[in-house]
Amino acid sequence: MRLFSIIRIWMALAFVVAVGQAYAQSPSRKQYIVEAEKQYADKNFYGALIYYNEALEFDPKDPEILFKSAESARQFNAYSKAAAKYQFLIDSLNDTTQPLAIYWLAHMKQRMGKYDEARKYYDLYISEFGGIDSLFTAKAKKEIASVDFARNMTAYTKKNVKFEKLGEDINSTASEVAGNFVNNEFYFSSMKYSENNPLSLPAREISKILKKSKDSIVAPLTGYINERDLLVSNSAINTDGTMMYYTVCQYINGSDIRCEMYKSNVDKNGILSNEVKLLDPINLPGTTSTHPHITKDKVSGKEILYFVSDRKGGAGGLDIWYSLIDPKFGFSEPINIAEINTSDNEITPFYNQTSDFLFFSSDGREGLGGYDVYKSGKTNEAFGSVIGAGMPFNSSYNDIYYFEKADGSTAYISSNREGAYFLDSYFESCCYDIYKMDITKLELDLNALTFDKLTGRALKKATVILIDQDTGQELGRVTSDSNNEHPFALSEDRNYMVIAIRENYYPDTISFSTIGADKSESIVKKMYLSTDMMLLDVFTFTKIGKLPLEGTTVTLIDMSDQSVKDVVEFNALSNEFNFMLDRGKQYKLVAKKDGYTDAEEIVDTRPYDKSGLLRRDMYLDKFVLQDLLPISLYFDNDMPDIASRSTLTKAKYGNLVEKYVERKEEYKDKFSKPLPEDSKSSAREDYEIFFEGDIKGGFDKFKLFINNLIQELQAGNKVELVLKGFASPRADSKYNLALGQRRVNAVKNEMIFYDNEELKAYFLSGQLVLTDISFGKELAPPDVPADIRDERNSIYNLKAAKERRVEILRASRNNVLND
C-alpha cells in the first residue's frame, strides 16, 4: 500500500546502479528516460531524479522531462532543486502545459520558508488555472491561509527556548529521529545502516535503535532487536521501565514501507528479552501501526498506548489512536482521537503526564510548512484546542518526534530544516537531525478582580471559577470574603474562561488565552457584576466631631417581611458597611457600639424602579465626660475665704490654684526643715510631684473636661455632675462641711466664668446641673494629722494637703442621679 510523505522521507535511499552496467554502450536519451520512469514508478525518486537529469543533458529545455525531473526532486525533498526546475519551466520557458508546476513551485517556496514568493505563485495558480482542477484549487486556497499564518508567526519566535542541533555522535548524514530520554540515557533511531543480506542489489538502507549511555557511549542496542534486515525504530519505554515498545517496518516498494509494533521486556541492565509482536487490535493486516508512546492514564491508573495508524475508521491518512492496557485483558479497542486528527496526517505522539499536553506533528493544519508540532491539552477524557508550538519548534520544513522531559525544561525534536546534514549535498535533500531545546519554564498567574458594575467599587464575597475553555472542566475556584482578589496559577498554551459569581448578582464571564506566551507574566482580569437590587452604603461616625467610628455593629432589619433574617455586620477596621436591599420594601438600620448610644435610620426602597446606590450616615453619641473622671482639684489650707463659715464664695478655683502653686517652695521648706539631711531631698521631690503633677495636672484635666462638657451641652444634651468637697481634719466637722461646700462653689464659679461664661446659660436653664455631696473630717483617713497646734503636719504634711480637694466623681446625660 502507499504510505504518506513523512514515512517516505526517513526511508533508506537506494543508490542508483550505474547506467553503464545496464547498457553496453553509452545510453541514449530514450534509455535514460525509460530508466527514470522505471525508478519513478518504483518510487525511487532519487534514482529517477538522476536519470531525468541525464536525459536533460540532451535537451535542457524539454518541458515534459524538466517537469518530471522537478517532480522527482520534489518527491525526494530536494526543495531548492525542485523549485529551480519549476521556476525555469514557468518563467524562462513560459510553459503552460503543466499547470501544476505553478502550484508545486509555490509549495517548494513555502517549504523553504519563502512565504512571500509562495503567496505570489499560489495566487498565480488560482488566477490562471483555478477552474481546471478543483482539488488543487482547494489545496491552493488552504495553503494560502497557511502562508499568511506563517508570515505572521515568523515575527513571534519564542524567547524562552534555546535551540541547538545535537553533535555528530548522534547526528549523521543519514536521518536520525525519535530521540527520547529515559533514566538519563538517550535513545534514538538512525538510518545510517544497510541490509546485510539484501534480496537485490544495491542493498537498501535500514534503521536501527541506538542508545547514548550514561557514560556517553553511543551504540546500537544489542541482541535480536537490531539483527534483522528491516527498519527498526521508534523506541518507547513504559512508565515503570520494564517494557520497550518499538516499530519494525519493511519496504513494499522503492519508497513506501509498512510497519508493525512489537514489545520486549527490559531488565535493569537494559537487556531486551521475550519479544512479542502486538496482535489485533493494535496490528491489523494490511495496515501500518507505528510511533508508539506509553504513558499512564490519571483516571484509571492504567497505562495508555498512543500510536499512529492508517487503519479504517480514522479521519484520513495517518491518525493518532490510543488504547488502554489492562494487566489482565491486554489492549482495549483503539480509539481515534477525533479532536486532533485531520484528513491528512498526524504522527509521532508524545504525552507529558505532568502538564497533560499531547504533542504530535501534522501536515493537515495551518502551520509554517510541512509537518509542524502541535499540542492539545487533555482534561479527564477530553482533548482541547489544537495549538501550534510556534517557532523555533516549527520551521517551514518537517518537524517531528517531539519529546520533552516531565518538567518541560528540555525537549528534543527531529527536523530536516536548514542546518540539518544532507545525504546528498548536491541535491540538499534528506535528512533528519535531532535537535535539543532548553526551555525556560514560564511562571504565569491570574488575579481576577471583582467589582460592582454600578459603582465600580471592589466587590467582596465573590467566587471566581477558572475553567478550561476547550474541555469545559473546572480547574479551580476561589472565594474571597475579605477583598476582591482571586489568584490562580496558569499553564502555558491554554484557553481559559473565568466566571465570577456572587449572591444577588448576575455572573460576569471573561475568556483569555496563554497561547503564545513567551515570558513570565501576572495577568489581571477585572470582572464587573451587576444586580437588580438596591445597594446601600452605611457609614458610622461619632456624633460629636463627626469622626469615622470603627468597631461598630450595624444590623439591617426587613420591616416589610419579618420572616427575613436580620443581617448583622461588624467592621473592626472601618466605618463602612455595604448592604443589598430588595426594591419595594422598608428597612431599619440599627448601629451599636459599646460606650455609645444606639443610632437608628429608616430606609425606604419603595420609590425605586431600578437598581441604584443609597447612602446613610449614622451618628453614634459617645459620653466622653465619664471617661475623664474622676478629677481631683486641690486647695490651700482653709481656702477659699479663711475662717468663713459660709457655704458660698465669690472665689474662682483658677485664681485659687494659681496662688496655691506659688507657695510650693514654702511647703517644701516647712515640711522638710526638721528632717535629716539624707531625707530632705526625697521629701522635696515628693512635693514637686504633688504641685506639678497633682495640682497643676488636675487643673489642666479640669479644663479639658470643661471643653468636652461644652460640646455635650452644645449638642443639646442635659448633663449632671456629681462633686464632693473634702477638708483636712484640723477643724471641727461643721466648719469642715461648710469649707467643703465653699470649695465646690469655687469650682462652680470657675465653670460659670470659664472662657467668656459659655457655661453660665446652661446653669441658668437647668441643662447643666451640679450635685454637691461635701464631707468634713469624717471621711479623712485616721493617719492624717489633725492637731491644729502642729502646723507642720496638719497644714504642710502631704497627707493633709491631699485631703483639701474637690472631686468631680460622675457625669450623666439626660437623667438626674440621686446619691
# chains A, B, ... in the order shown; residues from 1 in each chain; ligands from 1
>>> residues_around(residues="segment 753-769 of chain A", least_positions_apart="3", cutoff="10 Å", atoms="only C-alpha atoms", output="number ranges by chain")
A: 652, 654, 703, 706-707, 709-710, 713-714, 716-722, 748-750, 772, 811-814, 816
>>> residues_around(residues="Lys302 of chain A", least_positions_apart="4", cutoff="8 Å", atoms="only C-alpha atoms", output="MDAnalysis selection string")
chainID A and resid 296:298 324:326
>>> residues_around(residues="Leu272 of chain A", least_positions_apart="4", cutoff="8 Å", atoms="only C-alpha atoms", output="ChimeraX atom specification")
/A:223,225,264-267
>>> residues_around(residues="Leu549 of chain A", least_positions_apart="5", cutoff="9 Å", atoms="only C-alpha atoms", output="list in words")
Phe539, Thr540, Phe541, Thr542, Ser574, Asn575, Tyr619 and Leu620 of chain A
>>> atom_distance(atom1="atom CA of Asp452 of chain A", atom2="atom CA of Gly584 of chain A")
21.5 Å
>>> residues_around(residues="Arg810 of chain A", least_positions_apart="3", cutoff="12 Å", atoms="only C-alpha atoms", output="ChimeraX atom specification")
/A:623-632,705,719-724,769-773,807,813,816-819
>>> closest_residue(among="A:Val308, A:Met108, A:Met244, A:Val177", to="Cys259 of chain A", atoms="only C-alpha atoms")
A:Val308
>>> atom_distance(atom1="atom CA of Gly47 of chain A", atom2="atom CA of Ser28 of chain A")
16.7 Å
>>> atom_distance(atom1="atom CA of Asp59 of chain A", atom2="atom CA of Arg29 of chain A")
8.9 Å
>>> select_by_dssp(residues="segment 605-678 of chain A", states="alpha helix (DSSP H)", output="PyMOL selection string")
chain A and resi 625-628+653-662+664-672+677-678
>>> write_last_selection(atoms="N, CA, C and O atoms", output="mmCIF file, in the first residue's frame")
data_model
loop_
_atom_site.group_PDB
_atom_site.id
_atom_site.type_symbol
_atom_site.label_atom_id
_atom_site.label_comp_id
_atom_site.auth_asym_id
_atom_site.auth_seq_id
_atom_site.Cartn_x
_atom_site.Cartn_y
_atom_site.Cartn_z
ATOM 1 N N LEU A 625 -17.391 62.456 78.764
ATOM 2 C CA LEU A 625 -17.074 63.096 80.049
ATOM 3 C C LEU A 625 -16.722 62.074 81.113
ATOM 4 O O LEU A 625 -15.794 62.272 81.906
ATOM 5 N N GLN A 626 -17.466 60.978 81.146
ATOM 6 C CA GLN A 626 -17.225 59.990 82.192
ATOM 7 C C GLN A 626 -15.845 59.354 82.067
ATOM 8 O O GLN A 626 -15.235 58.958 83.055
ATOM 9 N N ASP A 627 -15.338 59.301 80.831
ATOM 10 C CA ASP A 627 -14.000 58.739 80.632
ATOM 11 C C ASP A 627 -12.913 59.597 81.249
ATOM 12 O O ASP A 627 -11.812 59.113 81.525
ATOM 13 N N LEU A 628 -13.197 60.901 81.439
ATOM 14 C CA LEU A 628 -12.193 61.806 82.015
ATOM 15 C C LEU A 628 -12.223 61.823 83.547
ATOM 16 O O LEU A 628 -11.343 62.434 84.170
ATOM 17 N N TYR A 653 -11.905 78.939 91.258
ATOM 18 C CA TYR A 653 -10.852 77.965 91.530
ATOM 19 C C TYR A 653 -9.566 78.292 90.764
ATOM 20 O O TYR A 653 -8.465 78.104 91.279
ATOM 21 N N GLY A 654 -9.669 78.824 89.557
ATOM 22 C CA GLY A 654 -8.480 79.124 88.774
ATOM 23 C C GLY A 654 -7.564 80.093 89.469
ATOM 24 O O GLY A 654 -6.339 79.947 89.432
ATOM 25 N N ASN A 655 -8.157 81.114 90.095
ATOM 26 C CA ASN A 655 -7.331 82.082 90.828
ATOM 27 C C ASN A 655 -6.708 81.443 92.062
ATOM 28 O O ASN A 655 -5.554 81.696 92.406
ATOM 29 N N LEU A 656 -7.503 80.593 92.740
ATOM 30 C CA LEU A 656 -7.012 79.957 93.960
ATOM 31 C C LEU A 656 -5.840 79.020 93.666
ATOM 32 O O LEU A 656 -4.851 78.988 94.409
ATOM 33 N N VAL A 657 -5.945 78.260 92.638
ATOM 34 C CA VAL A 657 -4.905 77.295 92.359
ATOM 35 C C VAL A 657 -3.622 77.984 91.924
ATOM 36 O O VAL A 657 -2.513 77.513 92.204
ATOM 37 N N GLU A 658 -3.759 79.120 91.259
ATOM 38 C CA GLU A 658 -2.572 79.869 90.846
ATOM 39 C C GLU A 658 -1.769 80.333 92.055
ATOM 40 O O GLU A 658 -0.531 80.199 92.086
ATOM 41 N N LYS A 659 -2.492 80.866 93.067
ATOM 42 C CA LYS A 659 -1.808 81.326 94.286
ATOM 43 C C LYS A 659 -1.270 80.147 95.093
ATOM 44 O O LYS A 659 -0.214 80.242 95.725
ATOM 45 N N TYR A 660 -1.989 79.045 95.041
ATOM 46 C CA TYR A 660 -1.562 77.862 95.797
ATOM 47 C C TYR A 660 -0.219 77.349 95.245
ATOM 48 O O TYR A 660 0.709 77.038 96.004
ATOM 49 N N VAL A 661 -0.109 77.297 93.959
ATOM 50 C CA VAL A 661 1.128 76.797 93.345
ATOM 51 C C VAL A 661 2.311 77.695 93.681
ATOM 52 O O VAL A 661 3.455 77.238 93.798
ATOM 53 N N GLU A 662 2.037 79.002 93.859
ATOM 54 C CA GLU A 662 3.123 79.923 94.213
ATOM 55 C C GLU A 662 3.743 79.596 95.573
ATOM 56 O O GLU A 662 4.865 80.002 95.857
ATOM 57 N N LYS A 664 4.616 76.634 96.594
ATOM 58 C CA LYS A 664 5.253 75.321 96.502
ATOM 59 C C LYS A 664 6.529 75.254 97.325
ATOM 60 O O LYS A 664 6.721 74.313 98.114
ATOM 61 N N GLU A 665 7.424 76.240 97.168
ATOM 62 C CA GLU A 665 8.697 76.189 97.883
ATOM 63 C C GLU A 665 8.492 76.327 99.392
ATOM 64 O O GLU A 665 9.230 75.727 100.192
ATOM 65 N N GLU A 666 7.500 77.106 99.768
ATOM 66 C CA GLU A 666 7.214 77.269 101.207
ATOM 67 C C GLU A 666 6.798 75.932 101.818
ATOM 68 O O GLU A 666 7.238 75.562 102.913
ATOM 69 N N TYR A 667 5.956 75.206 101.092
ATOM 70 C CA TYR A 667 5.534 73.891 101.577
ATOM 71 C C TYR A 667 6.732 72.941 101.718
ATOM 72 O O TYR A 667 6.841 72.192 102.683
ATOM 73 N N LYS A 668 7.607 72.996 100.727
ATOM 74 C CA LYS A 668 8.785 72.143 100.786
ATOM 75 C C LYS A 668 9.622 72.461 102.019
ATOM 76 O O LYS A 668 10.065 71.561 102.757
ATOM 77 N N ASP A 669 9.847 73.788 102.231
ATOM 78 C CA ASP A 669 10.718 74.208 103.333
ATOM 79 C C ASP A 669 10.109 73.877 104.687
ATOM 80 O O ASP A 669 10.794 73.365 105.590
ATOM 81 N N LYS A 670 8.816 74.192 104.845
ATOM 82 C CA LYS A 670 8.162 73.996 106.129
ATOM 83 C C LYS A 670 8.195 72.518 106.547
ATOM 84 O O LYS A 670 8.415 72.197 107.726
ATOM 85 N N PHE A 671 7.926 71.638 105.589
ATOM 86 C CA PHE A 671 7.846 70.239 105.985
ATOM 87 C C PHE A 671 9.229 69.598 106.122
ATOM 88 O O PHE A 671 9.472 68.789 107.018
ATOM 89 N N SER A 672 10.170 69.957 105.256
ATOM 90 C CA SER A 672 11.463 69.263 105.238
ATOM 91 C C SER A 672 12.477 69.826 106.226
ATOM 92 O O SER A 672 13.513 69.204 106.468
ATOM 93 N N GLU A 677 19.310 65.393 106.843
ATOM 94 C CA GLU A 677 19.759 65.837 105.534
ATOM 95 C C GLU A 677 19.515 64.775 104.455
ATOM 96 O O GLU A 677 19.192 65.086 103.314
ATOM 97 N N ASP A 678 19.697 63.508 104.800
ATOM 98 C CA ASP A 678 19.534 62.468 103.788
ATOM 99 C C ASP A 678 18.070 62.216 103.423
ATOM 100 O O ASP A 678 17.778 61.487 102.492
#
>>> residues_around(residues="segment 471-483 of chain A", least_positions_apart="6", cutoff="9 Å", atoms="only C-alpha atoms", output="MDAnalysis selection string")
chainID A and resid 377:380 382:385 449:450 458:465 497
>>> closest_atom_pairs(of="segment 335-412 of chain A", to="segment 515-518 of chain A", cutoff="9 Å", atoms="only C-alpha atoms", output="JSON lines")
{"residue": "A:Ile387", "atom": "CA", "partner": "A:Ile515", "partner_atom": "CA", "distance": 7.5}
{"residue": "A:Gly388", "atom": "CA", "partner": "A:Gly516", "partner_atom": "CA", "distance": 8.9}
{"residue": "A:Ala389", "atom": "CA", "partner": "A:Gly516", "partner_atom": "CA", "distance": 8.2}
{"residue": "A:Gly390", "atom": "CA", "partner": "A:Gly516", "partner_atom": "CA", "distance": 7.5}
>>> residues_around(residues="Ser611 of chain A", least_positions_apart="3", cutoff="9 Å", atoms="only C-alpha atoms", output="PyMOL selection string")
chain A and resi 454+531-535+583+608
>>> write_last_selection(atoms="all heavy atoms", output="PDB file, in the first residue's frame")
ATOM      1  N   LEU A 454     -22.213  48.856  38.942  1.00  0.00           N
ATOM      2  CA  LEU A 454     -22.867  50.153  39.103  1.00  0.00           C
ATOM      3  C   LEU A 454     -21.926  51.180  39.702  1.00  0.00           C
ATOM      4  O   LEU A 454     -21.825  52.312  39.227  1.00  0.00           O
ATOM      5  CB  LEU A 454     -24.108  50.003  39.995  1.00  0.00           C
ATOM      6  CG  LEU A 454     -24.855  51.295  40.336  1.00  0.00           C
ATOM      7  CD1 LEU A 454     -25.461  51.909  39.084  1.00  0.00           C
ATOM      8  CD2 LEU A 454     -25.946  51.025  41.379  1.00  0.00           C
ATOM      9  N   THR A 531     -26.462  43.886  39.381  1.00  0.00           N
ATOM     10  CA  THR A 531     -27.568  43.390  40.194  1.00  0.00           C
ATOM     11  C   THR A 531     -28.814  44.222  39.948  1.00  0.00           C
ATOM     12  O   THR A 531     -28.729  45.384  39.515  1.00  0.00           O
ATOM     13  CB  THR A 531     -27.197  43.427  41.690  1.00  0.00           C
ATOM     14  OG1 THR A 531     -28.294  42.917  42.456  1.00  0.00           O
ATOM     15  CG2 THR A 531     -26.884  44.833  42.145  1.00  0.00           C
ATOM     16  N   ASP A 532     -29.989  43.634  40.246  1.00  0.00           N
ATOM     17  CA  ASP A 532     -31.251  44.364  40.188  1.00  0.00           C
ATOM     18  C   ASP A 532     -31.590  45.001  41.525  1.00  0.00           C
ATOM     19  O   ASP A 532     -32.555  45.765  41.632  1.00  0.00           O
ATOM     20  CB  ASP A 532     -32.393  43.423  39.794  1.00  0.00           C
ATOM     21  CG  ASP A 532     -32.297  43.010  38.336  1.00  0.00           C
ATOM     22  OD1 ASP A 532     -31.737  43.790  37.532  1.00  0.00           O
ATOM     23  OD2 ASP A 532     -32.771  41.911  38.003  1.00  0.00           O
ATOM     24  N   MET A 533     -30.851  44.694  42.570  1.00  0.00           N
ATOM     25  CA  MET A 533     -31.169  45.155  43.914  1.00  0.00           C
ATOM     26  C   MET A 533     -30.611  46.556  44.159  1.00  0.00           C
ATOM     27  O   MET A 533     -29.785  47.067  43.387  1.00  0.00           O
ATOM     28  CB  MET A 533     -30.624  44.176  44.951  1.00  0.00           C
ATOM     29  CG  MET A 533     -31.169  42.759  44.800  1.00  0.00           C
ATOM     30  SD  MET A 533     -30.535  41.632  46.041  1.00  0.00           S
ATOM     31  CE  MET A 533     -31.400  42.199  47.514  1.00  0.00           C
ATOM     32  N   MET A 534     -31.070  47.172  45.250  1.00  0.00           N
ATOM     33  CA  MET A 534     -30.536  48.458  45.673  1.00  0.00           C
ATOM     34  C   MET A 534     -29.275  48.223  46.500  1.00  0.00           C
ATOM     35  O   MET A 534     -29.204  47.274  47.300  1.00  0.00           O
ATOM     36  CB  MET A 534     -31.554  49.221  46.522  1.00  0.00           C
ATOM     37  CG  MET A 534     -32.858  49.524  45.826  1.00  0.00           C
ATOM     38  SD  MET A 534     -32.649  50.601  44.383  1.00  0.00           S
ATOM     39  CE  MET A 534     -32.053  52.104  45.171  1.00  0.00           C
ATOM     40  N   LEU A 535     -28.288  49.048  46.287  1.00  0.00           N
ATOM     41  CA  LEU A 535     -27.058  48.994  47.074  1.00  0.00           C
ATOM     42  C   LEU A 535     -27.116  50.074  48.136  1.00  0.00           C
ATOM     43  O   LEU A 535     -27.443  51.230  47.845  1.00  0.00           O
ATOM     44  CB  LEU A 535     -25.840  49.207  46.184  1.00  0.00           C
ATOM     45  CG  LEU A 535     -25.692  48.262  44.984  1.00  0.00           C
ATOM     46  CD1 LEU A 535     -24.439  48.606  44.201  1.00  0.00           C
ATOM     47  CD2 LEU A 535     -25.650  46.813  45.451  1.00  0.00           C
ATOM     48  N   ARG A 583     -35.942  46.033  46.225  1.00  0.00           N
ATOM     49  CA  ARG A 583     -36.780  47.197  45.951  1.00  0.00           C
ATOM     50  C   ARG A 583     -38.205  46.923  46.429  1.00  0.00           C
ATOM     51  O   ARG A 583     -38.646  45.786  46.472  1.00  0.00           O
ATOM     52  CB  ARG A 583     -36.760  47.508  44.459  1.00  0.00           C
ATOM     53  CG  ARG A 583     -35.446  48.133  44.020  1.00  0.00           C
ATOM     54  CD  ARG A 583     -35.392  48.466  42.540  1.00  0.00           C
ATOM     55  NE  ARG A 583     -35.133  47.283  41.729  1.00  0.00           N
ATOM     56  CZ  ARG A 583     -35.984  46.761  40.872  1.00  0.00           C
ATOM     57  NH1 ARG A 583     -37.181  47.314  40.724  1.00  0.00           N
ATOM     58  NH2 ARG A 583     -35.673  45.687  40.180  1.00  0.00           N
ATOM     59  N   TYR A 608     -38.207  53.232  44.223  1.00  0.00           N
ATOM     60  CA  TYR A 608     -37.210  52.964  43.172  1.00  0.00           C
ATOM     61  C   TYR A 608     -37.681  51.828  42.258  1.00  0.00           C
ATOM     62  O   TYR A 608     -38.132  50.785  42.727  1.00  0.00           O
ATOM     63  CB  TYR A 608     -35.862  52.605  43.799  1.00  0.00           C
ATOM     64  CG  TYR A 608     -35.327  53.699  44.697  1.00  0.00           C
ATOM     65  CD1 TYR A 608     -35.521  53.645  46.079  1.00  0.00           C
ATOM     66  CD2 TYR A 608     -34.639  54.785  44.155  1.00  0.00           C
ATOM     67  CE1 TYR A 608     -35.040  54.646  46.901  1.00  0.00           C
ATOM     68  CE2 TYR A 608     -34.151  55.794  44.986  1.00  0.00           C
ATOM     69  CZ  TYR A 608     -34.358  55.726  46.349  1.00  0.00           C
ATOM     70  OH  TYR A 608     -33.892  56.717  47.164  1.00  0.00           O
TER      71      TYR A 608
END
>>> closest_residue(among="A:Ser235, A:Phe359, A:Gly286, A:Ser300", to="Ile257 of chain A", atoms="only C-alpha atoms")
A:Gly286
>>> closest_residue(among="A:Ala178, A:Val498, A:Val386, A:Leu135", to="Phe403 of chain A", atoms="only C-alpha atoms")
A:Ala178
>>> closest_residue(among="A:Ala591, A:Ser69, A:Asp344, A:Asp310", to="Ala82 of chain A", atoms="only C-alpha atoms")
A:Ser69
>>> select_by_dssp(residues="segment 628-757 of chain A", states="strand (DSSP E or B)", output="PyMOL selection string")
chain A and resi 631-634+719-725
>>> decode(residues="segment 36-64 of chain A", atoms="N, CA and C atoms", output="compact mmCIF listing (two decimals), in the first residue's frame")
# COMPACT_ATOMS: atom_id res chain seq x y z
N ALA A 36 14.50 6.28 -15.88
CA ALA A 36 13.94 7.26 -14.94
C ALA A 36 12.49 6.92 -14.59
N GLU A 37 11.72 6.60 -15.60
CA GLU A 37 10.31 6.29 -15.36
C GLU A 37 10.16 4.99 -14.58
N LYS A 38 11.07 4.05 -14.83
CA LYS A 38 11.04 2.82 -14.07
C LYS A 38 11.32 3.09 -12.58
N GLN A 39 12.33 3.91 -12.32
CA GLN A 39 12.65 4.24 -10.93
C GLN A 39 11.52 5.06 -10.28
N TYR A 40 10.93 5.94 -11.07
CA TYR A 40 9.83 6.76 -10.53
C TYR A 40 8.64 5.89 -10.17
N ALA A 41 8.34 4.90 -11.05
CA ALA A 41 7.22 4.00 -10.78
C ALA A 41 7.46 3.18 -9.53
N ASP A 42 8.73 2.86 -9.28
CA ASP A 42 9.08 2.10 -8.08
C ASP A 42 9.27 3.01 -6.87
N LYS A 43 9.01 4.29 -7.07
CA LYS A 43 9.12 5.31 -6.02
C LYS A 43 10.54 5.47 -5.49
N ASN A 44 11.49 5.18 -6.35
CA ASN A 44 12.87 5.51 -6.05
C ASN A 44 13.14 6.86 -6.69
N PHE A 45 12.73 7.91 -6.01
CA PHE A 45 12.75 9.25 -6.59
C PHE A 45 14.16 9.79 -6.75
N TYR A 46 15.07 9.32 -5.93
CA TYR A 46 16.46 9.72 -6.07
C TYR A 46 17.03 9.21 -7.40
N GLY A 47 16.79 7.89 -7.68
CA GLY A 47 17.25 7.33 -8.95
C GLY A 47 16.57 7.99 -10.13
N ALA A 48 15.27 8.26 -10.01
CA ALA A 48 14.54 8.90 -11.10
C ALA A 48 15.11 10.28 -11.38
N LEU A 49 15.44 11.01 -10.34
CA LEU A 49 15.99 12.37 -10.50
C LEU A 49 17.31 12.34 -11.25
N ILE A 50 18.16 11.39 -10.90
CA ILE A 50 19.46 11.31 -11.57
C ILE A 50 19.28 10.99 -13.06
N TYR A 51 18.41 10.04 -13.37
CA TYR A 51 18.22 9.66 -14.77
C TYR A 51 17.56 10.77 -15.58
N TYR A 52 16.57 11.47 -14.97
CA TYR A 52 15.94 12.58 -15.68
C TYR A 52 16.96 13.69 -15.92
N ASN A 53 17.82 13.92 -14.97
CA ASN A 53 18.85 14.95 -15.17
C ASN A 53 19.79 14.57 -16.30
N GLU A 54 20.11 13.26 -16.42
CA GLU A 54 20.94 12.82 -17.53
C GLU A 54 20.22 13.05 -18.86
N ALA A 55 18.93 12.77 -18.88
CA ALA A 55 18.16 12.98 -20.11
C ALA A 55 18.12 14.46 -20.48
N LEU A 56 18.10 15.34 -19.50
CA LEU A 56 18.08 16.77 -19.76
C LEU A 56 19.39 17.27 -20.35
N GLU A 57 20.43 16.52 -20.17
CA GLU A 57 21.69 16.92 -20.80
C GLU A 57 21.56 16.94 -22.31
N PHE A 58 20.66 16.12 -22.87
CA PHE A 58 20.43 16.11 -24.33
C PHE A 58 19.60 17.32 -24.75
N ASP A 59 18.64 17.70 -23.92
CA ASP A 59 17.79 18.85 -24.25
C ASP A 59 17.32 19.49 -22.95
N PRO A 60 18.07 20.49 -22.46
CA PRO A 60 17.73 21.10 -21.16
C PRO A 60 16.39 21.81 -21.14
N LYS A 61 15.81 22.08 -22.32
CA LYS A 61 14.56 22.84 -22.38
C LYS A 61 13.36 21.96 -22.72
N ASP A 62 13.52 20.67 -22.58
CA ASP A 62 12.39 19.77 -22.83
C ASP A 62 11.40 19.94 -21.66
N PRO A 63 10.24 20.54 -21.90
CA PRO A 63 9.33 20.86 -20.79
C PRO A 63 8.80 19.62 -20.08
N GLU A 64 8.54 18.58 -20.82
CA GLU A 64 7.98 17.38 -20.19
C GLU A 64 8.99 16.74 -19.25
